[in-house]
Amino acid sequence: MSTAISSITGADPAQAAAAAGQTLTQANFLQLLVTQMSSQDPLNPESNTDFAAQLAQFSALQQSQAMSQDMSILQANSMMGEMVTVAPSNGSGSVTGQVSGVQVQSGTPVIVLNGQSYSLNQVTAISPPVSAPANPANTTQTSNQ
């Protein structure tokens, strides 16, 4: 299908979408499919099975992208309460603190650290939270007699 789309739009669809900073949606795909069907050579038509296979591939790609986004959200949630070191985008060294929250901004999860939001790709280290040592004055010993 990429050759058919290339002939319709004059460019590779992946490159065109990347250059425009946009992603193809299922509605865009269906619009291209209808355009391709109406513009095809009547003496050499595309096979119906080719169209169905292309739609199935596009649907699988969408599901893969959704699963990737869900995995990112799970990864961010797993950092709750952990000590994390991040490299801020302004290049001012590193920041370490305990993750106090997770937010989803424009479909992308970010962690909240010391009141500031950081993306997951800024995380440079993760360690378990520092726990306070047990107070020996408050512990009692029991003996088995």
# chains A, B, ... in the order shown; residues from 1 in each chain; ligands from 1
>>> residues_around(residues="Pro109 in chain A", least_positions_apart="5", cutoff="7 Å", atoms="only C-alpha atoms", output="ChimeraX atom specification")
/A:72-73,76,102-104,119
>>> residues_around(residues="Ile111 in chain A", least_positions_apart="6", cutoff="6 Å", atoms="only C-alpha atoms", output="short mmCIF file (atom, residue, chain, number, x, y, z; two decimals) with C-alpha atoms, in the first residue's frame")
data_model
loop_
_atom_site.label_atom_id
_atom_site.label_comp_id
_atom_site.auth_asym_id
_atom_site.auth_seq_id
_atom_site.Cartn_x
_atom_site.Cartn_y
_atom_site.Cartn_z
CA GLY A 101 2.88 11.33 42.14
CA VAL A 102 2.29 10.32 38.54
CA SER A 117 7.21 17.02 36.75
CA TYR A 118 9.77 14.94 34.86
#
>>> residues_around(residues="Ala56 in chain A", least_positions_apart="6", cutoff="12 Å", atoms="only C-alpha atoms", output="ChimeraX atom specification")
/A:26,29-30,49-50,62-63
>>> select_by_dssp(residues="range 20-144 of chain A", states="alpha helix (DSSP H)", output="VMD selection string")
chain A and resid 20 26 to 39 48 to 78
>>> write_last_selection(atoms="C-alpha atoms", output="CSV table (one decimal), in the first residue's frame")
chain,number,residue,atom,x,y,z
A,20,ALA,CA,4.3,17.1,9.8
A,26,GLN,CA,-7.7,5.0,11.7
A,27,ALA,CA,-9.9,7.7,10.1
A,28,ASN,CA,-6.9,8.9,8.0
A,29,PHE,CA,-6.1,5.3,7.0
A,30,LEU,CA,-9.7,4.7,5.9
A,31,GLN,CA,-9.7,8.0,3.9
A,32,LEU,CA,-6.5,7.0,2.2
A,33,LEU,CA,-8.0,3.6,1.5
A,34,VAL,CA,-11.1,5.1,-0.1
A,35,THR,CA,-8.9,7.4,-2.2
A,36,GLN,CA,-6.7,4.5,-3.3
A,37,MET,CA,-9.8,2.5,-4.3
A,38,SER,CA,-11.4,5.3,-6.2
A,39,SER,CA,-8.1,6.2,-8.0
A,48,ASN,CA,-9.8,-7.0,-1.7
A,49,THR,CA,-7.6,-9.3,0.4
A,50,ASP,CA,-4.8,-6.7,0.1
A,51,PHE,CA,-7.0,-4.0,1.5
A,52,ALA,CA,-8.2,-6.2,4.4
A,53,ALA,CA,-4.6,-7.2,5.2
A,54,GLN,CA,-3.5,-3.5,5.2
A,55,LEU,CA,-6.4,-2.6,7.6
A,56,ALA,CA,-5.4,-5.5,9.9
A,57,GLN,CA,-1.8,-4.4,9.9
A,58,PHE,CA,-2.8,-0.8,10.7
A,59,SER,CA,-5.1,-2.0,13.5
A,60,ALA,CA,-2.3,-4.2,15.0
A,61,LEU,CA,0.0,-1.1,14.9
A,62,GLN,CA,-2.5,1.0,16.8
A,63,GLN,CA,-3.0,-1.7,19.4
A,64,SER,CA,0.8,-2.0,19.8
A,65,GLN,CA,1.1,1.8,20.3
A,66,ALA,CA,-1.7,1.7,22.9
A,67,MET,CA,0.0,-1.2,24.7
A,68,SER,CA,3.3,0.7,24.7
A,69,GLN,CA,1.6,3.7,26.3
A,70,ASP,CA,-0.1,1.5,28.9
A,71,MET,CA,3.3,0.0,29.7
A,72,SER,CA,4.8,3.5,30.2
A,73,ILE,CA,2.0,4.4,32.6
A,74,LEU,CA,2.6,1.1,34.6
A,75,GLN,CA,6.3,1.9,34.7
A,76,ALA,CA,5.7,5.3,36.1
A,77,ASN,CA,3.2,4.0,38.7
A,78,SER,CA,5.8,1.4,39.8
>>> atom_distance(atom1="CA of Pro128 in chain A", atom2="CA of Gly93 in chain A")
21.4 Å
>>> residues_around(residues="Ser127 in chain A", least_positions_apart="5", cutoff="8 Å", atoms="only C-alpha atoms", output="list in words")
Glu82, Met83 and Val84 of chain A
>>> closest_residue(among="A:Ser92, A:Leu43, A:Gly107, A:Gln98", to="Ser131 in chain A", atoms="only C-alpha atoms")
A:Gln98
>>> atom_distance(atom1="CA of Val99 in chain A", atom2="CA of Met80 in chain A")
5.2 Å
>>> decode(residues="range 19-138 of chain A", atoms="C-alpha atoms", output="PDB file, in the first residue's frame")
ATOM      1  CA  ALA A  19       7.684  15.579   8.875  1.00  0.00           C
ATOM      2  CA  ALA A  20       4.339  17.092   9.806  1.00  0.00           C
ATOM      3  CA  GLY A  21       4.711  15.928  13.408  1.00  0.00           C
ATOM      4  CA  GLN A  22       1.447  14.023  13.136  1.00  0.00           C
ATOM      5  CA  THR A  23       0.390  10.426  13.401  1.00  0.00           C
ATOM      6  CA  LEU A  24      -1.976   8.621  11.112  1.00  0.00           C
ATOM      7  CA  THR A  25      -5.283   7.729  12.733  1.00  0.00           C
ATOM      8  CA  GLN A  26      -7.661   5.015  11.666  1.00  0.00           C
ATOM      9  CA  ALA A  27      -9.876   7.679  10.058  1.00  0.00           C
ATOM     10  CA  ASN A  28      -6.869   8.908   8.028  1.00  0.00           C
ATOM     11  CA  PHE A  29      -6.113   5.350   6.982  1.00  0.00           C
ATOM     12  CA  LEU A  30      -9.696   4.743   5.865  1.00  0.00           C
ATOM     13  CA  GLN A  31      -9.696   8.034   3.941  1.00  0.00           C
ATOM     14  CA  LEU A  32      -6.497   6.996   2.155  1.00  0.00           C
ATOM     15  CA  LEU A  33      -7.990   3.565   1.486  1.00  0.00           C
ATOM     16  CA  VAL A  34     -11.089   5.087  -0.138  1.00  0.00           C
ATOM     17  CA  THR A  35      -8.916   7.448  -2.189  1.00  0.00           C
ATOM     18  CA  GLN A  36      -6.740   4.541  -3.258  1.00  0.00           C
ATOM     19  CA  MET A  37      -9.775   2.465  -4.253  1.00  0.00           C
ATOM     20  CA  SER A  38     -11.360   5.298  -6.248  1.00  0.00           C
ATOM     21  CA  SER A  39      -8.064   6.163  -7.966  1.00  0.00           C
ATOM     22  CA  GLN A  40      -6.995   2.648  -8.913  1.00  0.00           C
ATOM     23  CA  ASP A  41      -6.592   1.477 -12.474  1.00  0.00           C
ATOM     24  CA  PRO A  42      -9.823  -0.311 -13.468  1.00  0.00           C
ATOM     25  CA  LEU A  43      -7.865  -2.668 -15.733  1.00  0.00           C
ATOM     26  CA  ASN A  44      -5.492  -3.642 -12.899  1.00  0.00           C
ATOM     27  CA  PRO A  45      -7.469  -3.369  -9.635  1.00  0.00           C
ATOM     28  CA  GLU A  46      -6.050  -4.088  -6.189  1.00  0.00           C
ATOM     29  CA  SER A  47      -7.206  -7.273  -4.493  1.00  0.00           C
ATOM     30  CA  ASN A  48      -9.823  -7.039  -1.722  1.00  0.00           C
ATOM     31  CA  THR A  49      -7.634  -9.258   0.432  1.00  0.00           C
ATOM     32  CA  ASP A  50      -4.790  -6.729   0.100  1.00  0.00           C
ATOM     33  CA  PHE A  51      -7.042  -4.001   1.508  1.00  0.00           C
ATOM     34  CA  ALA A  52      -8.166  -6.223   4.381  1.00  0.00           C
ATOM     35  CA  ALA A  53      -4.576  -7.181   5.187  1.00  0.00           C
ATOM     36  CA  GLN A  54      -3.523  -3.518   5.201  1.00  0.00           C
ATOM     37  CA  LEU A  55      -6.378  -2.613   7.552  1.00  0.00           C
ATOM     38  CA  ALA A  56      -5.448  -5.496   9.864  1.00  0.00           C
ATOM     39  CA  GLN A  57      -1.813  -4.375   9.926  1.00  0.00           C
ATOM     40  CA  PHE A  58      -2.845  -0.817  10.734  1.00  0.00           C
ATOM     41  CA  SER A  59      -5.124  -2.022  13.548  1.00  0.00           C
ATOM     42  CA  ALA A  60      -2.298  -4.159  14.974  1.00  0.00           C
ATOM     43  CA  LEU A  61       0.011  -1.141  14.881  1.00  0.00           C
ATOM     44  CA  GLN A  62      -2.547   0.963  16.769  1.00  0.00           C
ATOM     45  CA  GLN A  63      -2.953  -1.743  19.418  1.00  0.00           C
ATOM     46  CA  SER A  64       0.819  -2.003  19.785  1.00  0.00           C
ATOM     47  CA  GLN A  65       1.094   1.753  20.305  1.00  0.00           C
ATOM     48  CA  ALA A  66      -1.697   1.697  22.897  1.00  0.00           C
ATOM     49  CA  MET A  67      -0.012  -1.172  24.735  1.00  0.00           C
ATOM     50  CA  SER A  68       3.288   0.716  24.724  1.00  0.00           C
ATOM     51  CA  GLN A  69       1.567   3.745  26.263  1.00  0.00           C
ATOM     52  CA  ASP A  70      -0.073   1.533  28.915  1.00  0.00           C
ATOM     53  CA  MET A  71       3.311  -0.012  29.748  1.00  0.00           C
ATOM     54  CA  SER A  72       4.803   3.472  30.209  1.00  0.00           C
ATOM     55  CA  ILE A  73       2.006   4.358  32.629  1.00  0.00           C
ATOM     56  CA  LEU A  74       2.583   1.127  34.562  1.00  0.00           C
ATOM     57  CA  GLN A  75       6.313   1.852  34.691  1.00  0.00           C
ATOM     58  CA  ALA A  76       5.668   5.346  36.056  1.00  0.00           C
ATOM     59  CA  ASN A  77       3.211   3.993  38.652  1.00  0.00           C
ATOM     60  CA  SER A  78       5.771   1.433  39.798  1.00  0.00           C
ATOM     61  CA  MET A  79       8.086   4.317  40.732  1.00  0.00           C
ATOM     62  CA  MET A  80       5.645   5.701  43.320  1.00  0.00           C
ATOM     63  CA  GLY A  81       7.472   6.123  46.628  1.00  0.00           C
ATOM     64  CA  GLU A  82      10.850   5.183  45.140  1.00  0.00           C
ATOM     65  CA  MET A  83      13.947   7.384  45.354  1.00  0.00           C
ATOM     66  CA  VAL A  84      14.675   8.592  41.828  1.00  0.00           C
ATOM     67  CA  THR A  85      17.453  10.631  40.260  1.00  0.00           C
ATOM     68  CA  VAL A  86      16.564  12.641  37.146  1.00  0.00           C
ATOM     69  CA  ALA A  87      18.536  14.815  34.751  1.00  0.00           C
ATOM     70  CA  PRO A  88      16.485  17.993  34.217  1.00  0.00           C
ATOM     71  CA  SER A  89      16.085  19.184  30.632  1.00  0.00           C
ATOM     72  CA  ASN A  90      17.730  22.515  31.486  1.00  0.00           C
ATOM     73  CA  GLY A  91      21.025  20.657  32.098  1.00  0.00           C
ATOM     74  CA  SER A  92      21.460  21.879  35.666  1.00  0.00           C
ATOM     75  CA  GLY A  93      22.974  18.715  37.151  1.00  0.00           C
ATOM     76  CA  SER A  94      20.696  16.090  38.639  1.00  0.00           C
ATOM     77  CA  VAL A  95      17.777  16.063  41.062  1.00  0.00           C
ATOM     78  CA  THR A  96      17.120  13.267  43.553  1.00  0.00           C
ATOM     79  CA  GLY A  97      13.963  12.741  45.567  1.00  0.00           C
ATOM     80  CA  GLN A  98      11.045  10.482  46.320  1.00  0.00           C
ATOM     81  CA  VAL A  99       8.361  10.142  43.649  1.00  0.00           C
ATOM     82  CA  SER A 100       5.201  11.654  45.108  1.00  0.00           C
ATOM     83  CA  GLY A 101       2.881  11.327  42.138  1.00  0.00           C
ATOM     84  CA  VAL A 102       2.293  10.324  38.541  1.00  0.00           C
ATOM     85  CA  GLN A 103       0.464  12.470  36.002  1.00  0.00           C
ATOM     86  CA  VAL A 104      -0.492  11.847  32.396  1.00  0.00           C
ATOM     87  CA  GLN A 105       0.195  14.884  30.227  1.00  0.00           C
ATOM     88  CA  SER A 106      -0.845  14.702  26.564  1.00  0.00           C
ATOM     89  CA  GLY A 107      -1.059  10.931  26.841  1.00  0.00           C
ATOM     90  CA  THR A 108       2.471  10.604  28.237  1.00  0.00           C
ATOM     91  CA  PRO A 109       3.118   9.732  31.897  1.00  0.00           C
ATOM     92  CA  VAL A 110       5.351  12.005  33.983  1.00  0.00           C
ATOM     93  CA  ILE A 111       6.545  11.555  37.555  1.00  0.00           C
ATOM     94  CA  VAL A 112       6.303  14.255  40.210  1.00  0.00           C
ATOM     95  CA  LEU A 113       9.518  14.737  42.149  1.00  0.00           C
ATOM     96  CA  ASN A 114       9.950  17.547  44.702  1.00  0.00           C
ATOM     97  CA  GLY A 115       6.887  19.278  43.222  1.00  0.00           C
ATOM     98  CA  GLN A 116       8.275  19.231  39.658  1.00  0.00           C
ATOM     99  CA  SER A 117       7.205  17.021  36.753  1.00  0.00           C
ATOM    100  CA  TYR A 118       9.770  14.945  34.862  1.00  0.00           C
ATOM    101  CA  SER A 119       9.368  12.587  31.912  1.00  0.00           C
ATOM    102  CA  LEU A 120      10.406   8.961  32.236  1.00  0.00           C
ATOM    103  CA  ASN A 121      13.287   9.429  29.792  1.00  0.00           C
ATOM    104  CA  GLN A 122      14.889  11.887  32.247  1.00  0.00           C
ATOM    105  CA  VAL A 123      15.216   9.196  34.949  1.00  0.00           C
ATOM    106  CA  THR A 124      18.844   8.171  35.446  1.00  0.00           C
ATOM    107  CA  ALA A 125      18.612   6.051  38.623  1.00  0.00           C
ATOM    108  CA  ILE A 126      15.992   4.340  40.789  1.00  0.00           C
ATOM    109  CA  SER A 127      16.569   3.061  44.309  1.00  0.00           C
ATOM    110  CA  PRO A 128      14.286   1.800  47.062  1.00  0.00           C
ATOM    111  CA  PRO A 129      13.044   4.428  49.512  1.00  0.00           C
ATOM    112  CA  VAL A 130      15.204   5.062  52.536  1.00  0.00           C
ATOM    113  CA  SER A 131      13.450   3.546  55.518  1.00  0.00           C
ATOM    114  CA  ALA A 132      13.955   4.801  59.043  1.00  0.00           C
ATOM    115  CA  PRO A 133      15.831   2.395  61.328  1.00  0.00           C
ATOM    116  CA  ALA A 134      13.802   0.720  64.025  1.00  0.00           C
ATOM    117  CA  ASN A 135      13.952   2.485  67.383  1.00  0.00           C
ATOM    118  CA  PRO A 136      15.549   0.005  69.845  1.00  0.00           C
ATOM    119  CA  ALA A 137      13.982   1.793  72.829  1.00  0.00           C
ATOM    120  CA  ASN A 138      10.490   0.877  71.643  1.00  0.00           C
TER     121      ASN A 138
END
